[in-house]
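Student: The structure file target_34.cif (mmCIF, C-alpha atoms) is provided below.
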```cif
data_input
#
loop_
_atom_site.label_atom_id
_atom_site.label_comp_id
_atom_site.auth_asym_id
_atom_site.auth_seq_id
_atom_site.Cartn_x
_atom_site.Cartn_y
_atom_site.Cartn_z
CA MET A 13 44.01 -52.79 32.39
CA ARG A 14 47.75 -52.87 31.76
CA GLY A 15 49.00 -50.48 29.10
CA HIS A 16 47.04 -48.06 26.96
CA LEU A 17 44.67 -48.30 24.01
CA GLY A 18 46.21 -46.88 20.85
CA ILE A 19 43.86 -45.33 18.29
CA ILE A 20 45.07 -44.84 14.72
CA GLY A 21 43.22 -41.73 13.61
CA GLY A 22 42.00 -38.72 15.54
CA GLY A 23 38.83 -37.88 13.65
CA GLN A 24 35.43 -37.67 15.30
CA LEU A 25 35.30 -41.45 15.63
CA GLY A 26 38.67 -41.51 17.37
CA LEU A 27 37.51 -38.68 19.62
CA MET A 28 34.31 -40.48 20.61
CA LEU A 29 36.25 -43.70 21.21
CA ALA A 30 38.59 -41.77 23.50
CA GLN A 31 35.64 -40.23 25.35
CA ALA A 32 34.15 -43.69 25.87
CA ALA A 33 37.53 -44.95 27.09
CA ASP A 34 37.66 -42.10 29.62
CA GLU A 35 34.38 -43.28 31.12
CA LEU A 36 35.80 -46.80 31.45
CA GLY A 37 39.05 -45.62 33.03
CA VAL A 38 41.07 -46.75 29.99
CA VAL A 39 44.14 -44.69 29.05
CA VAL A 40 44.24 -43.81 25.33
CA TRP A 41 46.86 -42.54 22.92
CA LEU A 42 45.79 -41.18 19.53
CA ALA A 43 47.78 -40.37 16.40
CA ASP A 44 46.78 -38.60 13.20
CA ARG A 45 48.43 -36.87 10.25
CA VAL A 46 46.15 -33.83 10.56
CA PRO A 47 47.14 -31.18 13.15
CA ASP A 48 43.58 -29.90 13.60
CA ALA A 49 41.90 -33.32 13.84
CA PRO A 50 38.97 -33.37 16.32
CA ALA A 51 41.05 -35.34 18.86
CA ALA A 52 44.06 -33.02 18.55
CA ARG A 53 42.92 -31.04 21.58
CA ARG A 54 43.50 -34.05 23.81
CA SER A 55 46.80 -34.27 25.64
CA GLU A 56 47.37 -37.86 24.47
CA PHE A 57 47.30 -36.83 20.79
CA ARG A 58 50.39 -37.36 18.65
CA LEU A 59 50.88 -35.69 15.26
CA VAL A 60 52.56 -38.04 12.75
CA GLN A 61 53.62 -37.89 9.12
CA SER A 62 52.32 -41.31 8.08
CA TRP A 63 50.13 -44.16 9.30
CA GLY A 64 53.24 -46.29 9.61
CA GLU A 65 54.65 -43.73 12.02
CA ALA A 66 51.34 -43.77 13.90
CA VAL A 67 51.75 -47.50 14.48
CA GLN A 68 55.32 -46.98 15.69
CA VAL A 69 54.20 -44.25 18.12
CA LEU A 70 51.14 -46.06 19.48
CA THR A 71 52.32 -49.66 19.77
CA PRO A 72 55.04 -49.57 22.49
CA GLY A 73 53.42 -50.45 25.81
CA ALA A 74 49.93 -50.79 24.33
CA GLN A 75 47.54 -53.51 25.39
CA ALA A 76 45.66 -53.01 22.13
CA VAL A 77 45.69 -50.83 19.02
CA THR A 78 42.59 -50.01 16.97
CA TRP A 79 41.61 -47.50 14.27
CA ASP A 80 38.88 -45.01 13.46
CA ARG A 81 39.18 -45.41 9.67
CA GLU A 82 39.45 -48.42 7.38
CA ASP A 83 41.68 -46.84 4.73
CA VAL A 84 44.87 -47.38 6.73
CA PRO A 85 47.32 -49.16 4.37
CA LEU A 86 47.79 -52.77 5.39
CA ASP A 87 51.57 -52.50 5.09
CA ALA A 88 51.50 -49.83 7.81
CA LEU A 89 49.97 -52.34 10.24
CA HIS A 90 52.46 -55.20 10.01
CA ASN A 91 54.30 -54.08 13.17
CA ALA A 92 51.15 -53.35 15.18
CA ALA A 93 50.97 -55.68 18.16
CA GLY A 94 47.56 -56.31 19.69
CA LEU A 95 45.70 -54.97 16.65
CA VAL A 96 41.90 -55.01 17.14
CA PRO A 97 40.26 -55.82 14.78
CA SER A 98 42.97 -57.88 13.10
CA ALA A 99 44.77 -56.87 9.91
CA ALA A 100 43.30 -60.00 8.29
CA ALA A 101 39.77 -58.78 9.06
CA LEU A 102 40.60 -55.39 7.56
CA ALA A 103 42.11 -56.99 4.44
CA ALA A 104 38.92 -58.97 3.87
CA VAL A 105 36.75 -55.85 3.62
CA GLN A 106 39.06 -52.95 2.73
CA ASP A 107 38.96 -53.91 -0.96
CA ARG A 108 35.36 -53.88 -2.21
CA LEU A 109 36.05 -56.84 -4.48
CA ALA A 110 37.33 -58.94 -1.58
CA GLN A 111 34.33 -57.77 0.44
CA LYS A 112 31.83 -58.90 -2.22
CA GLN A 113 33.61 -62.23 -2.59
CA LEU A 114 33.43 -62.73 1.17
CA LEU A 115 29.70 -61.98 1.26
CA ASP A 116 29.10 -64.42 -1.59
CA ALA A 117 31.23 -67.10 0.09
CA ILE A 118 29.22 -67.02 3.32
CA GLY A 119 25.87 -66.73 1.58
CA LEU A 120 24.88 -63.16 2.47
CA PRO A 121 22.67 -61.67 -0.28
CA THR A 122 23.83 -58.61 -2.25
CA ALA A 123 22.75 -56.77 -5.38
CA PRO A 124 24.02 -58.49 -8.55
CA TRP A 125 27.58 -57.35 -9.22
CA ILE A 126 30.61 -57.81 -11.44
CA ALA A 127 34.26 -56.75 -11.27
CA ALA A 128 35.64 -54.45 -13.96
CA ALA A 129 39.06 -52.97 -14.71
CA ASN A 130 38.40 -50.07 -17.08
CA ALA A 131 36.21 -48.82 -19.93
CA SER A 132 37.12 -51.80 -22.12
CA ASP A 133 34.93 -53.92 -19.81
CA ALA A 134 31.80 -51.81 -20.44
CA GLY A 135 30.27 -54.34 -22.84
CA GLN A 136 30.80 -57.17 -20.38
CA VAL A 137 29.17 -55.13 -17.61
CA ILE A 138 26.12 -54.30 -19.73
CA ALA A 139 25.74 -57.93 -20.81
CA ALA A 140 25.84 -59.10 -17.19
CA LEU A 141 23.84 -56.38 -15.43
CA GLY A 142 22.20 -54.12 -18.00
CA LEU A 143 21.76 -50.43 -17.19
CA PRO A 144 21.59 -48.40 -14.99
CA VAL A 145 24.35 -49.48 -12.61
CA MET A 146 26.41 -48.18 -9.71
CA VAL A 147 30.18 -48.08 -10.31
CA LYS A 148 32.41 -48.11 -7.23
CA ALA A 149 36.17 -47.89 -6.87
CA ARG A 150 37.57 -51.01 -5.23
CA ARG A 151 39.56 -48.97 -2.73
CA GLY A 152 38.94 -45.67 -1.00
CA GLY A 153 35.82 -43.62 -1.22
CA PHE A 154 33.20 -42.92 1.42
CA ASP A 155 30.23 -40.59 1.92
CA GLY A 156 29.35 -40.94 -1.76
CA ARG A 157 32.90 -40.46 -3.01
CA GLY A 158 34.48 -43.16 -5.12
CA GLN A 159 31.20 -44.11 -6.74
CA MET A 160 29.13 -43.01 -9.75
CA VAL A 161 25.76 -43.95 -11.21
CA ALA A 162 25.92 -44.87 -14.91
CA ARG A 163 22.67 -44.76 -16.89
CA ASP A 164 24.09 -45.21 -20.40
CA ARG A 165 27.18 -46.68 -22.02
CA ALA A 166 29.03 -43.36 -22.26
CA SER A 167 28.65 -42.60 -18.54
CA LEU A 168 29.58 -46.20 -17.72
CA GLU A 169 32.82 -45.95 -19.70
CA ALA A 170 33.62 -42.61 -18.07
CA ALA A 171 33.08 -44.06 -14.58
CA LEU A 172 35.16 -47.16 -15.30
CA ASP A 173 38.02 -45.03 -16.59
CA ARG A 174 37.76 -42.66 -13.63
CA PHE A 175 38.33 -45.54 -11.20
CA ALA A 176 40.67 -47.58 -13.40
CA GLN A 177 43.65 -47.07 -11.08
CA SER A 178 42.03 -49.13 -8.33
CA GLY A 179 39.69 -51.19 -10.50
CA CYS A 180 35.96 -51.28 -9.91
CA ILE A 181 33.02 -53.28 -8.86
CA VAL A 182 29.75 -52.57 -10.65
CA GLU A 183 26.37 -53.26 -9.07
CA SER A 184 22.81 -53.32 -10.37
CA LEU A 185 20.75 -50.40 -9.09
CA ILE A 186 18.17 -51.91 -6.75
CA PRO A 187 14.69 -50.35 -6.30
CA PHE A 188 14.79 -50.65 -2.50
CA ASP A 189 12.17 -49.46 -0.01
CA ASP A 190 14.66 -47.96 2.41
CA GLU A 191 18.19 -48.29 3.69
CA CYS A 192 19.04 -49.73 7.07
CA ALA A 193 22.04 -50.68 9.15
CA VAL A 194 22.86 -53.16 11.86
CA LEU A 195 25.76 -53.02 14.29
CA VAL A 196 27.28 -55.65 16.51
CA THR A 197 30.19 -55.85 18.92
CA ARG A 198 32.02 -59.14 19.31
CA SER A 199 34.53 -59.96 22.04
CA ALA A 200 37.55 -62.23 21.71
CA ASP A 201 35.63 -64.97 23.53
CA ASP A 202 32.71 -64.75 21.05
CA ASP A 203 30.28 -62.73 23.16
CA LEU A 204 28.01 -60.98 20.64
CA ARG A 205 26.08 -57.83 21.52
CA HIS A 206 23.60 -56.73 18.87
CA TYR A 207 22.26 -53.19 18.58
CA PRO A 208 18.72 -52.41 17.42
CA MET A 209 18.23 -52.17 13.66
CA VAL A 210 18.63 -48.61 12.33
CA TRP A 211 16.63 -46.83 9.61
CA THR A 212 19.07 -44.71 7.58
CA TYR A 213 18.73 -42.11 4.85
CA GLN A 214 21.54 -41.18 2.47
CA ASP A 215 21.70 -37.85 0.62
CA ASP A 216 24.03 -38.11 -2.39
CA GLY A 217 25.75 -41.10 -0.81
CA GLN A 218 26.25 -39.40 2.57
CA LEU A 219 24.33 -40.33 5.71
CA SER A 220 21.78 -37.60 6.45
CA TRP A 221 19.89 -39.15 9.37
CA ALA A 222 19.51 -42.39 11.26
CA MET A 223 16.54 -43.46 13.37
CA ALA A 224 16.33 -46.28 15.88
CA PRO A 225 14.64 -48.58 16.21
CA HIS A 226 13.73 -49.22 12.57
CA PRO A 227 9.92 -49.46 12.17
CA ARG A 228 10.34 -53.04 10.93
CA GLU A 229 12.81 -54.06 13.64
CA SER A 230 10.57 -56.85 14.96
CA ALA A 231 10.17 -58.44 11.51
CA LEU A 232 13.68 -57.98 10.10
CA GLY A 233 15.89 -57.94 13.19
CA THR A 234 15.62 -61.71 13.48
CA VAL A 235 16.88 -61.99 9.89
CA LEU A 236 19.72 -59.49 10.17
CA ARG A 237 21.20 -60.58 13.48
CA PRO A 238 22.13 -64.09 12.26
CA MET A 239 23.55 -62.55 9.07
CA ILE A 240 25.92 -60.17 10.84
CA ALA A 241 26.81 -62.87 13.39
CA ARG A 242 27.86 -65.17 10.53
CA LEU A 243 30.00 -62.37 9.11
CA VAL A 244 31.91 -61.45 12.28
CA ARG A 245 32.53 -65.09 13.16
CA LYS A 246 33.85 -65.81 9.67
CA LEU A 247 36.26 -62.89 10.07
CA ASN A 248 37.07 -63.79 13.68
CA TYR A 249 36.29 -60.12 14.16
CA VAL A 250 36.78 -58.40 17.52
CA GLY A 251 35.21 -54.98 18.12
CA THR A 252 32.24 -53.10 16.67
CA LEU A 253 31.26 -53.64 13.03
CA ALA A 254 28.48 -52.07 10.94
CA MET A 255 26.62 -53.64 8.04
CA GLU A 256 24.73 -51.29 5.72
CA CYS A 257 21.79 -52.82 3.85
CA PHE A 258 18.96 -52.22 1.40
CA ARG A 259 15.46 -53.28 2.47
CA CYS A 260 13.29 -54.64 -0.32
CA GLY A 261 9.96 -55.54 1.26
CA ASP A 262 10.68 -58.27 3.77
CA THR A 263 14.08 -59.13 2.33
CA VAL A 264 17.43 -57.44 2.92
CA LEU A 265 20.48 -57.09 0.67
CA VAL A 266 23.88 -56.25 2.11
CA ASN A 267 25.38 -53.09 0.63
CA GLU A 268 28.68 -52.50 2.44
CA ILE A 269 30.58 -53.42 5.59
CA ALA A 270 32.42 -50.95 7.84
CA PRO A 271 35.06 -52.61 10.07
CA ARG A 272 34.86 -49.98 12.82
CA VAL A 273 32.43 -47.88 14.79
CA HIS A 274 30.10 -46.20 12.33
CA ASN A 275 28.10 -43.02 11.69
CA SER A 276 24.85 -45.00 11.70
CA GLY A 277 25.53 -45.88 15.35
CA HIS A 278 26.25 -42.45 16.84
CA TRP A 279 22.76 -42.41 18.36
CA THR A 280 23.79 -45.28 20.68
CA ILE A 281 25.59 -42.76 22.93
CA GLU A 282 22.24 -41.46 24.14
CA GLY A 283 20.04 -44.33 22.99
CA CYS A 284 21.54 -47.51 24.42
CA VAL A 285 22.78 -48.66 27.80
CA SER A 286 26.29 -49.11 26.30
CA SER A 287 27.23 -47.23 23.14
CA GLN A 288 28.99 -48.68 20.11
CA PHE A 289 32.09 -46.75 21.21
CA SER A 290 32.05 -48.10 24.74
CA ASN A 291 31.69 -51.67 23.56
CA HIS A 292 34.42 -51.32 20.95
CA VAL A 293 36.80 -50.13 23.67
CA ARG A 294 35.66 -52.97 25.93
CA ALA A 295 36.22 -55.57 23.22
CA ALA A 296 39.64 -54.19 22.30
CA CYS A 297 40.79 -54.15 25.94
CA GLY A 298 39.36 -57.52 26.94
CA LEU A 299 36.70 -56.03 29.22
CA PRO A 300 33.20 -57.54 29.56
CA LEU A 301 30.84 -56.14 26.94
CA GLY A 302 28.04 -53.83 28.01
CA ASP A 303 24.27 -54.06 27.56
CA THR A 304 23.08 -52.89 24.12
CA ALA A 305 19.40 -52.59 25.09
CA LEU A 306 17.51 -49.56 23.78
CA ARG A 307 17.01 -46.88 26.43
CA GLN A 308 14.93 -44.52 24.29
CA HIS A 309 13.82 -43.92 20.71
CA CYS A 310 16.35 -41.82 18.77
CA LEU A 311 16.79 -39.71 15.67
CA MET A 312 20.38 -38.74 14.81
CA LEU A 313 20.85 -35.83 12.38
CA ASN A 314 24.21 -35.31 10.70
CA CYS A 315 25.40 -31.70 10.50
CA ILE A 316 26.99 -31.32 7.07
CA GLY A 317 29.05 -28.31 6.05
CA THR A 318 28.27 -26.10 9.04
CA MET A 319 26.95 -26.52 12.57
CA PRO A 320 23.48 -25.03 13.10
CA GLU A 321 22.93 -22.63 15.97
CA GLN A 322 22.91 -24.74 19.12
CA ILE A 323 19.86 -24.09 21.24
CA GLU A 324 18.57 -25.94 24.29
CA ARG A 325 15.65 -28.29 23.68
CA PRO A 326 14.33 -31.16 25.84
CA GLY A 327 15.79 -34.47 24.70
CA VAL A 328 18.29 -32.93 22.24
CA THR A 329 22.06 -33.45 22.56
CA TRP A 330 24.56 -31.62 20.36
CA HIS A 331 27.93 -33.07 19.33
CA ASP A 332 30.26 -30.50 17.76
CA TYR A 333 33.40 -32.14 16.31
CA GLY A 334 35.37 -28.89 16.31
CA LYS A 335 35.95 -29.03 12.55
CA LYS A 336 36.23 -26.02 10.29
CA PRO A 337 33.13 -25.57 8.10
CA ARG A 338 33.45 -26.95 4.59
CA PRO A 339 30.86 -28.06 2.02
CA GLY A 340 30.12 -31.77 2.35
CA ARG A 341 32.09 -32.14 5.60
CA LYS A 342 30.60 -33.83 8.66
CA VAL A 343 31.14 -31.22 11.37
CA GLY A 344 28.85 -32.63 14.06
CA HIS A 345 25.58 -34.35 14.82
CA LEU A 346 22.62 -33.98 17.11
CA THR A 347 20.55 -36.71 18.70
CA VAL A 348 16.88 -36.30 19.56
CA VAL A 349 15.44 -38.84 22.00
CA GLY A 350 11.99 -39.74 23.30
CA ARG A 351 10.49 -42.34 25.58
CA ASP A 352 8.53 -43.68 22.60
CA ALA A 353 7.90 -42.87 18.95
CA ALA A 354 5.24 -40.28 19.82
CA GLU A 355 7.49 -38.29 22.15
CA LEU A 356 10.34 -38.47 19.64
CA GLN A 357 8.02 -37.04 16.99
CA GLU A 358 6.99 -34.19 19.29
CA ARG A 359 10.57 -33.29 20.08
CA VAL A 360 11.64 -33.36 16.45
CA ALA A 361 8.70 -31.10 15.58
CA ALA A 362 9.92 -28.59 18.19
CA LEU A 363 13.27 -28.12 16.41
CA PRO A 364 13.72 -24.87 14.46
CA PRO A 365 12.07 -25.04 11.00
CA ASP A 366 15.25 -23.84 9.26
CA LEU A 367 17.11 -26.81 10.76
CA LEU A 368 14.44 -29.31 9.73
CA LYS A 369 14.53 -28.04 6.13
CA ARG A 370 17.98 -29.60 5.81
CA TYR A 371 16.58 -33.12 6.09
CA ALA A 372 14.23 -35.37 4.14
CA LEU A 373 12.67 -36.78 7.29
CA PRO A 374 10.34 -39.79 7.53
CA THR A 375 6.70 -39.02 6.73
CA GLY A 376 5.43 -38.94 10.31
CA LEU A 377 8.19 -36.66 11.50
CA ARG A 378 7.95 -34.49 8.40
CA LYS A 379 4.19 -33.94 8.85
CA ALA A 380 4.66 -33.01 12.47
CA ALA A 381 7.44 -30.61 11.55
#
```
Can you present the structure in this file as structure tokens?
Tutor:
Amino acid sequence: MRGHLGIIGGGQLGLMLAQAADELGVVVWLADRVPDAPAARRSEFRLVQSWGEAVQVLTPGAQAVTWDREDVPLDALHNAAGLVPSAAALAAVQDRLAQKQLLDAIGLPTAPWIAAANASDAGQVIAALGLPVMVKARRGGFDGRGQMVARDRASLEAALDRFAQSGCIVESLIPFDDECAVLVTRSADDDLRHYPMVWTYQDDGQLSWAMAPHPRESALGTVLRPMIARLVRKLNYVGTLAMECFRCGDTVLVNEIAPRVHNSGHWTIEGCVSSQFSNHVRAACGLPLGDTALRQHCLMLNCIGTMPEQIERPGVTWHDYGKKPRPGRKVGHLTVVGRDAAELQERVAALPPDLLKRYALPTGLRKAA
């Protein structure tokens, strides 16, 4: 490969992208505004004052430039040559209103929704959707931030006013059976590599654990793969993309799209032949995509706030992001693997009880624990 891969953002996603690039022999440069970002310990890291400066630092001599976060302002990207995914793809999903309009336009099912500006639209929202509803800021917000549940008119008006600066979308609350995610990597020549469907669990809007494959992979995977393929082709998207969904029986509703590598795919490092990070680097640099076949059953547990004591266990891999402890902060994750569902269950049960108490695990794993 000629030139380097520039990565806008040096968080844990940027760090794991850089680690995947190392394995492929790809030179990376990273830039972030935070001096103690997880990737700051790498020699290629550059500290910048703005995302626009990051683009200026990373672009000269780069074969491609990508990002580890989708909140990079679009005006900061206008001088980024070789941007992967494209700025147009980011623009289509960065604003939640544009994202919903895109999903509607290509026929992907979502919960009923409506756009709203501020509290004066509360009556219109109630007439269209009733109550309760989920109110989300159009821009910004992740891990449960930038969204509020409204169960009566007063809380709806408060939520609409809270997010009035960006405007809102409001969604009906759906009584789903579980949450799931699908990931795909697409190359510039339209090679699509699908990852197994993931069972996810959110705690207060933040991913708590992800398990692969989803128990209903065989029934729903054939539905979800064409859906995400339609999405990435519509966007002419290059790289790894995640689609978070609600499962309602044998139907699936799209919740949100993440135009980057995603927390729900961290397990692919140990669980698949080629991880989501490896394939994103491959797609960005024009390298052939790797095999996404499942190597072993996986449960990924997010470490929120603090890292638990790291102890050696068969089939358990710890990923410490090097972040300072802070309530609600993702500071690391661990992945438990097994040859099949039974061995995975045994290995999860062998984890320390105080660690398992952090998580609302699936019934089978919870009983074993």
Student: Mind telling me what the PyMOL selection byres ((chain A and resi 302-313) around 7) catches here, as a count of residues only?
Tutor: 29
Student: So how many Å separate CA of Thr252 (chain A) and CA of Arg294 (chain A), to one decimal?
Tutor: 9.9 Å
Student: Give me the result of the PyMOL selection byres ((chain A and resi 240) around 12) on this file, residue by residue, as a VMD selection string.
Tutor: chain A and resid 115 118 to 121 193 to 198 204 to 207 209 233 to 239 241 to 247 249 252 to 257 264 to 266 268 to 271
Student: Pull out every residue that the PyMOL selection byres ((chain A and resi 150-152) around 6) matches in the shown coordinates and put them as a VMD selection string.
Tutor: chain A and resid 107 to 108 149 153 178 to 180
Student: Write the residues of the selection above to a file with C-alpha atoms, as a tab-separated table (two decimals), in the coordinates of the input.
Tutor:
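Output contents, as saved in again.tsv:
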```tsv
chain	number	residue	atom	x	y	z
A	107	ASP	CA	38.96	-53.91	-0.96
A	108	ARG	CA	35.36	-53.88	-2.21
A	149	ALA	CA	36.17	-47.89	-6.87
A	153	GLY	CA	35.82	-43.62	-1.22
A	178	SER	CA	42.03	-49.13	-8.33
A	179	GLY	CA	39.69	-51.19	-10.50
A	180	CYS	CA	35.96	-51.28	-9.91
```
Student: What does the distance between CA of Ser199 (chain A) and CA of Ser62 (chain A) come to in Å, to one decimal place?
Tutor: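 Going from CA of Ser199 (chain A) over to CA of Ser62 (chain A), I get 29.3 Å.
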Student: What's around Ala32 (chain A) at 10 Å? Count all atoms listed in the file, leave out sequence neighbours fewer than 6 positions away in its own chain, and write the answer as number ranges by chain.
Tutor: A: 26, 38, 281, 286-294
Student: Could you produce a table of the residues of region 263-370 of chain A lying within 12 Å of region 71-75 of chain A, with the nearest pair of atoms per residue and their separation in Å rounded to one decimal, using all atoms listed in the file, ordered by chain and increasing residue number, as CSV?
Tutor:
```
residue,atom,partner,partner_atom,distance
A:Val293,CA,A:Gln75,CA,11.4
A:Arg294,CA,A:Gln75,CA,11.9
A:Ala295,CA,A:Gln75,CA,11.7
A:Ala296,CA,A:Gln75,CA,8.5
A:Cys297,CA,A:Gln75,CA,6.8
A:Gly298,CA,A:Gln75,CA,9.2
A:Leu299,CA,A:Gln75,CA,11.8
```
Student: Tell me which protein, DNA and RNA residues are within 12 Å of Gly135 (chain A), counting all atoms listed in the file, leaving out same-chain ones fewer than 4 positions away, and put them as a short mmCIF file (atom, residue, chain, number, x, y, z; two decimals) with C-alpha atoms, keeping the file's coordinate frame.
Tutor:
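Produced file around_39.cif, reproduced below:
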```
data_model
loop_
_atom_site.label_atom_id
_atom_site.label_comp_id
_atom_site.auth_asym_id
_atom_site.auth_seq_id
_atom_site.Cartn_x
_atom_site.Cartn_y
_atom_site.Cartn_z
CA ILE A 126 30.61 -57.81 -11.44
CA ALA A 128 35.64 -54.45 -13.96
CA ASN A 130 38.40 -50.07 -17.08
CA ALA A 131 36.21 -48.82 -19.93
CA ALA A 139 25.74 -57.93 -20.81
CA ALA A 140 25.84 -59.10 -17.19
CA LEU A 141 23.84 -56.38 -15.43
CA GLY A 142 22.20 -54.12 -18.00
CA LEU A 143 21.76 -50.43 -17.19
CA ASP A 164 24.09 -45.21 -20.40
CA ARG A 165 27.18 -46.68 -22.02
CA ALA A 166 29.03 -43.36 -22.26
CA LEU A 168 29.58 -46.20 -17.72
CA GLU A 169 32.82 -45.95 -19.70
CA LEU A 172 35.16 -47.16 -15.30
#
```
Student: Using only C-alpha atoms, determine which residues lie at most 12 Å from Gly261 (chain A), disregarding the query and same-chain residues fewer than 3 positions distant; provide the list as a ChimeraX atom specification.
Tutor: /A:187-191,228,231-232,258,264-265
Student: What does the distance from CA of Ala110 (chain A) to CA of Met146 (chain A) come to in Å, to one decimal?
Tutor: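 Separation of CA of Ala110 (chain A) and CA of Met146 (chain A): 17.4 Å.
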Student: Restricting the calculation to all atoms listed in the file: of A:Gln177, A:Leu114, A:Pro208, A:Leu17, which residue gets closest to Ala93 (chain A)?
Tutor: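 Among the listed residues, the smallest separation from Ala93 (chain A) belongs to A:Leu17.
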